[in-house]
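Peer 1: This is run-v1.cif, which holds mmCIF, N, CA and C atoms:
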```
data_final
loop_
_atom_site.label_atom_id
_atom_site.label_comp_id
_atom_site.auth_asym_id
_atom_site.auth_seq_id
_atom_site.Cartn_x
_atom_site.Cartn_y
_atom_site.Cartn_z
N MET A 1 -35.16 44.43 -56.00
CA MET A 1 -34.69 44.97 -57.27
C MET A 1 -35.80 44.77 -58.31
N PHE A 2 -36.07 45.82 -59.06
CA PHE A 2 -37.08 45.73 -60.11
C PHE A 2 -36.47 45.08 -61.34
N ILE A 3 -37.12 44.02 -61.80
CA ILE A 3 -36.67 43.30 -62.99
C ILE A 3 -37.82 43.31 -63.98
N PRO A 4 -37.59 43.79 -65.21
CA PRO A 4 -38.67 43.81 -66.20
C PRO A 4 -39.25 42.42 -66.45
N LYS A 5 -40.52 42.38 -66.74
CA LYS A 5 -41.21 41.10 -66.90
C LYS A 5 -40.64 40.29 -68.06
N ALA A 6 -40.23 40.94 -69.12
CA ALA A 6 -39.66 40.23 -70.27
C ALA A 6 -38.37 39.52 -69.87
N ASN A 7 -37.55 40.18 -69.06
CA ASN A 7 -36.30 39.55 -68.60
C ASN A 7 -36.60 38.42 -67.63
N ARG A 8 -37.59 38.61 -66.77
CA ARG A 8 -37.96 37.56 -65.81
C ARG A 8 -38.45 36.31 -66.55
N ILE A 9 -39.27 36.50 -67.56
CA ILE A 9 -39.77 35.37 -68.33
C ILE A 9 -38.64 34.69 -69.10
N ALA A 10 -37.70 35.48 -69.62
CA ALA A 10 -36.56 34.90 -70.34
C ALA A 10 -35.71 34.04 -69.41
N VAL A 11 -35.47 34.52 -68.19
CA VAL A 11 -34.67 33.76 -67.23
C VAL A 11 -35.41 32.50 -66.80
N PHE A 12 -36.69 32.64 -66.49
CA PHE A 12 -37.47 31.48 -66.04
C PHE A 12 -37.61 30.43 -67.14
N SER A 13 -37.81 30.87 -68.38
CA SER A 13 -37.96 29.90 -69.46
C SER A 13 -36.64 29.19 -69.73
N TYR A 14 -35.51 29.90 -69.63
CA TYR A 14 -34.21 29.24 -69.80
C TYR A 14 -33.98 28.23 -68.68
N LEU A 15 -34.29 28.62 -67.45
CA LEU A 15 -34.10 27.72 -66.31
C LEU A 15 -34.98 26.49 -66.45
N PHE A 16 -36.22 26.67 -66.89
CA PHE A 16 -37.11 25.51 -67.05
C PHE A 16 -36.66 24.63 -68.20
N ARG A 17 -36.23 25.22 -69.30
CA ARG A 17 -35.81 24.45 -70.46
C ARG A 17 -34.58 23.59 -70.15
N GLU A 18 -33.58 24.18 -69.47
CA GLU A 18 -32.34 23.47 -69.21
C GLU A 18 -32.37 22.67 -67.91
N GLY A 19 -33.05 23.18 -66.90
CA GLY A 19 -33.07 22.52 -65.60
C GLY A 19 -31.97 23.00 -64.68
N VAL A 20 -30.94 23.61 -65.24
CA VAL A 20 -29.84 24.18 -64.46
C VAL A 20 -29.48 25.53 -65.06
N CYS A 21 -28.84 26.36 -64.24
CA CYS A 21 -28.38 27.66 -64.72
C CYS A 21 -27.09 27.99 -63.97
N VAL A 22 -26.09 28.41 -64.70
CA VAL A 22 -24.81 28.80 -64.09
C VAL A 22 -24.70 30.31 -64.20
N VAL A 23 -24.46 30.96 -63.04
CA VAL A 23 -24.37 32.41 -62.99
C VAL A 23 -23.03 32.78 -62.38
N LYS A 24 -22.23 33.55 -63.11
CA LYS A 24 -20.95 34.01 -62.59
C LYS A 24 -21.19 35.11 -61.56
N LYS A 25 -20.37 35.12 -60.52
CA LYS A 25 -20.50 36.14 -59.49
C LYS A 25 -19.84 37.42 -60.02
N ASP A 26 -20.56 38.09 -60.91
CA ASP A 26 -20.07 39.30 -61.55
C ASP A 26 -21.27 40.24 -61.68
N THR A 27 -21.32 41.25 -60.82
CA THR A 27 -22.49 42.12 -60.78
C THR A 27 -22.45 43.24 -61.82
N VAL A 28 -21.32 43.44 -62.47
CA VAL A 28 -21.21 44.54 -63.44
C VAL A 28 -21.27 44.06 -64.89
N SER A 29 -21.40 42.77 -65.10
CA SER A 29 -21.48 42.25 -66.46
C SER A 29 -22.78 42.71 -67.11
N PRO A 30 -22.72 43.27 -68.31
CA PRO A 30 -23.94 43.82 -68.93
C PRO A 30 -24.93 42.74 -69.39
N THR A 31 -24.46 41.53 -69.69
CA THR A 31 -25.37 40.48 -70.15
C THR A 31 -24.97 39.14 -69.55
N HIS A 32 -25.93 38.25 -69.50
CA HIS A 32 -25.66 36.86 -69.12
C HIS A 32 -25.29 36.14 -70.41
N PRO A 33 -24.28 35.24 -70.38
CA PRO A 33 -23.84 34.63 -71.64
C PRO A 33 -24.86 33.73 -72.31
N HIS A 34 -25.82 33.18 -71.58
CA HIS A 34 -26.77 32.24 -72.17
C HIS A 34 -28.18 32.79 -72.31
N ILE A 35 -28.50 33.87 -71.60
CA ILE A 35 -29.86 34.39 -71.59
C ILE A 35 -29.88 35.74 -72.30
N GLU A 36 -30.69 35.85 -73.31
CA GLU A 36 -30.77 37.07 -74.12
C GLU A 36 -31.55 38.16 -73.39
N GLY A 37 -30.95 39.34 -73.25
CA GLY A 37 -31.65 40.50 -72.71
C GLY A 37 -31.46 40.74 -71.23
N ALA A 38 -31.23 39.73 -70.43
CA ALA A 38 -31.12 39.90 -68.98
C ALA A 38 -29.67 40.15 -68.58
N THR A 39 -29.49 41.04 -67.61
CA THR A 39 -28.14 41.27 -67.10
C THR A 39 -27.78 40.17 -66.11
N ASN A 40 -26.50 40.06 -65.85
CA ASN A 40 -26.03 39.03 -64.93
C ASN A 40 -26.54 39.29 -63.51
N LEU A 41 -26.65 40.55 -63.12
CA LEU A 41 -27.16 40.91 -61.80
C LEU A 41 -28.62 40.51 -61.65
N GLU A 42 -29.41 40.71 -62.70
CA GLU A 42 -30.82 40.31 -62.64
C GLU A 42 -30.96 38.80 -62.49
N VAL A 43 -30.16 38.05 -63.25
CA VAL A 43 -30.22 36.60 -63.16
C VAL A 43 -29.80 36.14 -61.76
N LEU A 44 -28.75 36.74 -61.22
CA LEU A 44 -28.26 36.39 -59.89
C LEU A 44 -29.33 36.65 -58.83
N ASN A 45 -29.99 37.80 -58.90
CA ASN A 45 -31.03 38.13 -57.92
C ASN A 45 -32.27 37.26 -58.07
N LEU A 46 -32.64 36.91 -59.29
CA LEU A 46 -33.77 35.99 -59.47
C LEU A 46 -33.46 34.61 -58.90
N MET A 47 -32.23 34.15 -59.07
CA MET A 47 -31.85 32.84 -58.53
C MET A 47 -31.85 32.86 -57.00
N LYS A 48 -31.39 33.96 -56.40
CA LYS A 48 -31.43 34.07 -54.95
C LYS A 48 -32.87 34.08 -54.44
N SER A 49 -33.75 34.75 -55.17
CA SER A 49 -35.16 34.79 -54.78
C SER A 49 -35.79 33.40 -54.86
N LEU A 50 -35.50 32.67 -55.95
CA LEU A 50 -36.04 31.33 -56.09
C LEU A 50 -35.48 30.38 -55.04
N GLN A 51 -34.23 30.60 -54.65
CA GLN A 51 -33.63 29.75 -53.61
C GLN A 51 -34.31 29.99 -52.26
N SER A 52 -34.61 31.24 -51.96
CA SER A 52 -35.25 31.54 -50.67
C SER A 52 -36.65 30.93 -50.59
N LYS A 53 -37.30 30.72 -51.74
CA LYS A 53 -38.62 30.09 -51.77
C LYS A 53 -38.52 28.58 -51.82
N GLY A 54 -37.32 28.04 -52.01
CA GLY A 54 -37.12 26.60 -52.06
C GLY A 54 -37.34 25.99 -53.43
N TYR A 55 -37.30 26.80 -54.47
CA TYR A 55 -37.56 26.29 -55.81
C TYR A 55 -36.31 25.84 -56.53
N ILE A 56 -35.15 26.30 -56.10
CA ILE A 56 -33.89 25.85 -56.67
C ILE A 56 -32.90 25.59 -55.55
N ARG A 57 -31.84 24.85 -55.88
CA ARG A 57 -30.75 24.57 -54.96
C ARG A 57 -29.50 25.18 -55.58
N ILE A 58 -28.74 25.95 -54.81
CA ILE A 58 -27.57 26.64 -55.33
C ILE A 58 -26.32 26.09 -54.68
N THR A 59 -25.33 25.79 -55.51
CA THR A 59 -23.99 25.48 -55.01
C THR A 59 -23.04 26.52 -55.59
N PHE A 60 -22.04 26.89 -54.81
CA PHE A 60 -21.12 27.95 -55.22
C PHE A 60 -19.71 27.38 -55.29
N SER A 61 -19.06 27.55 -56.43
CA SER A 61 -17.70 27.05 -56.60
C SER A 61 -16.98 27.91 -57.64
N TRP A 62 -15.79 28.33 -57.31
CA TRP A 62 -14.92 29.07 -58.22
C TRP A 62 -15.64 30.28 -58.84
N GLN A 63 -16.27 31.08 -58.01
CA GLN A 63 -16.93 32.32 -58.42
C GLN A 63 -18.12 32.08 -59.36
N HIS A 64 -18.70 30.92 -59.32
CA HIS A 64 -19.88 30.62 -60.13
C HIS A 64 -20.95 29.98 -59.25
N HIS A 65 -22.18 30.43 -59.43
CA HIS A 65 -23.33 29.84 -58.75
C HIS A 65 -23.94 28.82 -59.72
N SER A 66 -24.08 27.58 -59.27
CA SER A 66 -24.78 26.57 -60.06
C SER A 66 -26.15 26.37 -59.44
N CYS A 67 -27.19 26.62 -60.21
CA CYS A 67 -28.56 26.59 -59.72
C CYS A 67 -29.28 25.39 -60.33
N TYR A 68 -29.79 24.52 -59.46
CA TYR A 68 -30.47 23.29 -59.89
C TYR A 68 -31.94 23.39 -59.51
N LEU A 69 -32.79 23.08 -60.43
CA LEU A 69 -34.23 23.15 -60.22
C LEU A 69 -34.71 21.98 -59.37
N THR A 70 -35.55 22.26 -58.37
CA THR A 70 -36.13 21.22 -57.52
C THR A 70 -37.51 20.84 -58.08
N PRO A 71 -38.10 19.74 -57.62
CA PRO A 71 -39.45 19.39 -58.10
C PRO A 71 -40.50 20.47 -57.81
N GLU A 72 -40.37 21.15 -56.66
CA GLU A 72 -41.29 22.25 -56.35
C GLU A 72 -41.08 23.40 -57.34
N GLY A 73 -39.83 23.64 -57.70
CA GLY A 73 -39.53 24.69 -58.67
C GLY A 73 -40.07 24.38 -60.05
N ILE A 74 -40.06 23.11 -60.42
CA ILE A 74 -40.61 22.72 -61.72
C ILE A 74 -42.11 23.02 -61.76
N GLU A 75 -42.80 22.68 -60.68
CA GLU A 75 -44.23 22.96 -60.62
C GLU A 75 -44.52 24.46 -60.62
N TYR A 76 -43.69 25.22 -59.88
CA TYR A 76 -43.90 26.68 -59.83
C TYR A 76 -43.69 27.31 -61.21
N LEU A 77 -42.58 26.94 -61.88
CA LEU A 77 -42.30 27.53 -63.19
C LEU A 77 -43.30 27.05 -64.25
N ARG A 78 -43.77 25.82 -64.11
CA ARG A 78 -44.79 25.33 -65.05
C ARG A 78 -46.07 26.15 -64.93
N GLY A 79 -46.42 26.51 -63.69
CA GLY A 79 -47.60 27.36 -63.50
C GLY A 79 -47.36 28.80 -63.93
N TYR A 80 -46.15 29.33 -63.65
CA TYR A 80 -45.84 30.72 -63.99
C TYR A 80 -45.77 30.92 -65.50
N LEU A 81 -45.18 29.95 -66.20
CA LEU A 81 -45.02 30.06 -67.65
C LEU A 81 -46.19 29.45 -68.43
N ALA A 82 -47.18 28.88 -67.71
CA ALA A 82 -48.36 28.26 -68.31
C ALA A 82 -47.97 27.17 -69.31
N LEU A 83 -47.16 26.22 -68.84
CA LEU A 83 -46.70 25.12 -69.68
C LEU A 83 -47.48 23.85 -69.35
N PRO A 84 -47.69 22.98 -70.33
CA PRO A 84 -48.39 21.72 -70.05
C PRO A 84 -47.49 20.75 -69.27
N ALA A 85 -48.09 19.72 -68.72
CA ALA A 85 -47.36 18.77 -67.88
C ALA A 85 -46.41 17.88 -68.69
N GLU A 86 -46.60 17.80 -70.01
CA GLU A 86 -45.74 16.94 -70.82
C GLU A 86 -44.34 17.52 -70.99
N ILE A 87 -44.20 18.82 -70.88
CA ILE A 87 -42.90 19.46 -71.06
C ILE A 87 -42.13 19.37 -69.75
N VAL A 88 -40.90 18.83 -69.84
CA VAL A 88 -40.04 18.70 -68.67
C VAL A 88 -38.68 19.32 -68.98
N PRO A 89 -37.91 19.70 -67.96
CA PRO A 89 -36.57 20.24 -68.20
C PRO A 89 -35.65 19.20 -68.83
N ALA A 90 -34.58 19.68 -69.44
CA ALA A 90 -33.64 18.79 -70.12
C ALA A 90 -32.94 17.85 -69.15
N THR A 91 -32.80 18.25 -67.89
CA THR A 91 -32.14 17.38 -66.92
C THR A 91 -33.03 16.24 -66.48
N HIS A 92 -34.32 16.30 -66.75
CA HIS A 92 -35.24 15.24 -66.36
C HIS A 92 -35.61 14.33 -67.52
N LYS A 93 -35.09 14.60 -68.70
CA LYS A 93 -35.38 13.74 -69.85
C LYS A 93 -34.44 12.54 -69.82
N LYS A 94 -34.94 11.43 -70.32
CA LYS A 94 -34.13 10.22 -70.39
C LYS A 94 -33.08 10.40 -71.48
N ALA A 95 -31.85 10.04 -71.15
CA ALA A 95 -30.79 10.09 -72.14
C ALA A 95 -30.97 8.91 -73.09
N PRO A 96 -30.69 9.11 -74.37
CA PRO A 96 -30.82 7.98 -75.30
C PRO A 96 -29.82 6.89 -74.91
N SER A 97 -30.27 5.65 -74.99
CA SER A 97 -29.39 4.55 -74.60
C SER A 97 -28.27 4.40 -75.62
N ARG A 98 -27.18 3.86 -75.16
CA ARG A 98 -26.04 3.68 -76.03
C ARG A 98 -26.34 2.60 -77.05
N PRO A 99 -25.96 2.82 -78.29
CA PRO A 99 -26.24 1.81 -79.30
C PRO A 99 -25.37 0.57 -79.07
N GLU A 100 -25.88 -0.55 -79.56
CA GLU A 100 -25.12 -1.79 -79.45
C GLU A 100 -23.90 -1.66 -80.34
N GLY A 101 -22.76 -1.76 -79.75
CA GLY A 101 -21.52 -1.64 -80.51
C GLY A 101 -20.83 -2.98 -80.60
N ARG A 102 -19.62 -2.94 -81.00
CA ARG A 102 -18.84 -4.17 -81.12
C ARG A 102 -18.52 -4.70 -79.73
N ASP A 103 -18.22 -5.93 -79.66
CA ASP A 103 -17.91 -6.57 -78.39
C ASP A 103 -16.44 -6.34 -78.09
N ARG A 104 -16.16 -5.60 -77.07
CA ARG A 104 -14.79 -5.23 -76.75
C ARG A 104 -14.00 -6.39 -76.14
N GLU A 105 -14.65 -7.36 -75.58
CA GLU A 105 -13.94 -8.49 -74.98
C GLU A 105 -13.21 -9.31 -76.04
N ASP A 106 -13.75 -9.37 -77.24
CA ASP A 106 -13.10 -10.14 -78.30
C ASP A 106 -11.81 -9.48 -78.74
N GLU A 107 -11.75 -8.15 -78.69
CA GLU A 107 -10.57 -7.45 -79.16
C GLU A 107 -9.47 -7.37 -78.10
N LYS A 108 -9.80 -7.62 -76.86
CA LYS A 108 -8.81 -7.51 -75.80
C LYS A 108 -7.71 -8.56 -76.00
N PHE A 109 -8.08 -9.74 -76.43
CA PHE A 109 -7.12 -10.81 -76.61
C PHE A 109 -6.94 -11.09 -78.10
N ALA A 110 -6.55 -10.06 -78.84
CA ALA A 110 -6.43 -10.19 -80.28
C ALA A 110 -5.18 -10.96 -80.68
N GLY A 111 -4.22 -11.12 -79.80
CA GLY A 111 -2.97 -11.79 -80.14
C GLY A 111 -3.11 -13.30 -80.17
N GLY A 112 -4.23 -13.88 -79.84
CA GLY A 112 -4.40 -15.33 -79.79
C GLY A 112 -3.88 -15.86 -78.46
N GLU A 113 -3.97 -17.09 -78.21
CA GLU A 113 -3.52 -17.80 -77.00
C GLU A 113 -3.86 -17.07 -75.70
N GLY A 114 -4.76 -16.16 -75.71
CA GLY A 114 -5.15 -15.50 -74.47
C GLY A 114 -4.17 -14.44 -74.01
N LYS A 115 -3.27 -13.98 -74.87
CA LYS A 115 -2.32 -12.93 -74.48
C LYS A 115 -2.95 -11.57 -74.75
N PRO A 116 -2.67 -10.59 -73.91
CA PRO A 116 -3.19 -9.24 -74.17
C PRO A 116 -2.60 -8.67 -75.44
N ALA A 117 -3.33 -7.75 -76.06
CA ALA A 117 -2.92 -7.18 -77.33
C ALA A 117 -1.88 -6.08 -77.18
N PHE A 118 -1.61 -5.62 -75.96
CA PHE A 118 -0.62 -4.55 -75.82
C PHE A 118 0.80 -5.12 -75.84
N ARG A 119 1.75 -4.20 -76.05
CA ARG A 119 3.14 -4.62 -76.14
C ARG A 119 3.67 -5.01 -74.77
N GLY A 120 4.73 -5.77 -74.76
CA GLY A 120 5.36 -6.16 -73.51
C GLY A 120 4.88 -7.53 -73.09
N GLY A 121 5.77 -8.27 -72.51
CA GLY A 121 5.42 -9.62 -72.16
C GLY A 121 5.04 -9.79 -70.70
N GLY A 122 5.44 -8.88 -69.85
CA GLY A 122 5.14 -9.09 -68.45
C GLY A 122 4.99 -7.79 -67.70
N ASP A 123 4.97 -7.91 -66.42
CA ASP A 123 4.75 -6.78 -65.55
C ASP A 123 6.00 -5.91 -65.46
N ARG A 124 5.86 -4.64 -65.68
CA ARG A 124 6.93 -3.64 -65.51
C ARG A 124 8.12 -3.83 -66.43
N GLU A 125 7.93 -4.37 -67.58
CA GLU A 125 9.04 -4.50 -68.52
C GLU A 125 9.32 -3.20 -69.25
N TYR A 126 8.48 -2.24 -69.09
CA TYR A 126 8.70 -0.97 -69.77
C TYR A 126 9.78 -0.16 -69.08
N ARG A 127 10.14 -0.50 -67.85
CA ARG A 127 11.18 0.24 -67.13
C ARG A 127 12.55 -0.28 -67.53
N SER A 128 13.48 0.64 -67.55
CA SER A 128 14.84 0.22 -67.90
C SER A 128 15.50 -0.47 -66.72
N ARG A 129 16.51 -1.26 -67.00
CA ARG A 129 17.20 -2.01 -65.95
C ARG A 129 18.19 -1.14 -65.18
N GLU A 130 18.57 -0.01 -65.74
CA GLU A 130 19.56 0.84 -65.07
C GLU A 130 18.98 1.59 -63.88
N GLY A 131 17.68 1.68 -63.82
CA GLY A 131 17.06 2.43 -62.74
C GLY A 131 16.68 3.81 -63.22
N GLY A 132 16.46 4.68 -62.29
CA GLY A 132 16.04 6.02 -62.66
C GLY A 132 16.55 7.02 -61.65
N PHE A 133 15.79 8.06 -61.46
CA PHE A 133 16.21 9.11 -60.55
C PHE A 133 15.59 8.98 -59.18
N GLY A 134 15.15 7.92 -58.75
CA GLY A 134 14.56 7.84 -57.42
C GLY A 134 14.86 6.53 -56.77
N ARG A 135 14.91 6.51 -55.48
CA ARG A 135 15.04 5.31 -54.67
C ARG A 135 16.24 4.48 -55.04
N GLY A 136 17.39 5.06 -55.00
CA GLY A 136 18.61 4.29 -55.19
C GLY A 136 19.12 4.22 -56.60
N GLY A 137 18.33 4.55 -57.57
CA GLY A 137 18.80 4.50 -58.95
C GLY A 137 19.37 5.85 -59.35
N GLY A 138 19.86 5.96 -60.50
CA GLY A 138 20.32 7.24 -60.99
C GLY A 138 21.76 7.22 -61.40
N MET A 139 22.30 8.41 -61.47
CA MET A 139 23.67 8.53 -61.97
C MET A 139 24.66 8.70 -60.86
#
```
Could you rewrite the structure in this file as structure tokens?

Peer 2:
Amino acid sequence: MFIPKANRIAVFSYLFREGVCVVKKDTVSPTHPHIEGATNLEVLNLMKSLQSKGYIRITFSWQHHSCYLTPEGIEYLRGYLALPAEIVPATHKKAPSRPEGRDREDEKFAGGEGKPAFRGGGDREYRSREGGFGRGGGM
């Protein structure tokens, strides 16, 4: 299938920027929801082509193809798009560490004397004594 170079570059740059791409199995959709200018069929065919070369890994679930970039694919797209080695996909960036928050262990026993802060004094006291609709209880 002939795909214009502008659309190919748009798809490749989106895939490199995010590291993943989700493509719905819909060949008649006029546009892809995340990529400007490319049709869904073009994106689907480009992903199949990259998979056959071993540059991405595709999983299929609920009529959607999830495409994950492999290390070989990162190198290929970096060369195709002429990007420096410092730029990496979003899936390969370190997530910011969680900030130091309050100590949750101190709040667990807020009632004093080592009792839990939730209501109820013991195990299964939330159930009524009359029983219910199962296993011998009921009306």

Peer 1: Find the axis-aligned box for stretch 32-48 of chain A, covering all its listed atoms and adding 6 Å on each side, and write its centre and edge lengths in Å to one decimal as JSON.

Peer 2:
```
{"center_x": -28.8, "center_y": 36.8, "center_z": -64.3, "size_x": 21.9, "size_y": 21.0, "size_z": 31.7}
```

Peer 1: Using the chain letters and numbers from the file, which residues does the PyMOL selection byres ((chain A and resi 27) around 8) grab, as a list in words?

Peer 2: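 Listing what the PyMOL selection byres ((chain A and resi 27) around 8) selects in the shown file: Lys24, Lys25, Asp26, Val28, Ser29, Pro30, Thr39, Asn40, Leu41 and Glu42 of chain A.
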
Peer 1: May I ask for the distance between atom CA of A:Tyr55 and atom N of A:Glu36, given in Å to one decimal place?

Peer 2: 21.1 Å

Peer 1: Taking into account all atoms listed in the file, which residue in the set A:Glu18, A:Lys53, A:Phe12, A:Lys5 is nearest to A:Ala90?

Peer 2: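 Nearest to A:Ala90: A:Glu18.
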
Peer 1: Applying 7 Å and only N, CA and C atoms, which residues near A:Asn7 remain after dropping the ones on its own chain fewer than 3 positions away? List them as a PyMOL selection string.

Peer 2: chain A and resi 3-4+10-12+36-38
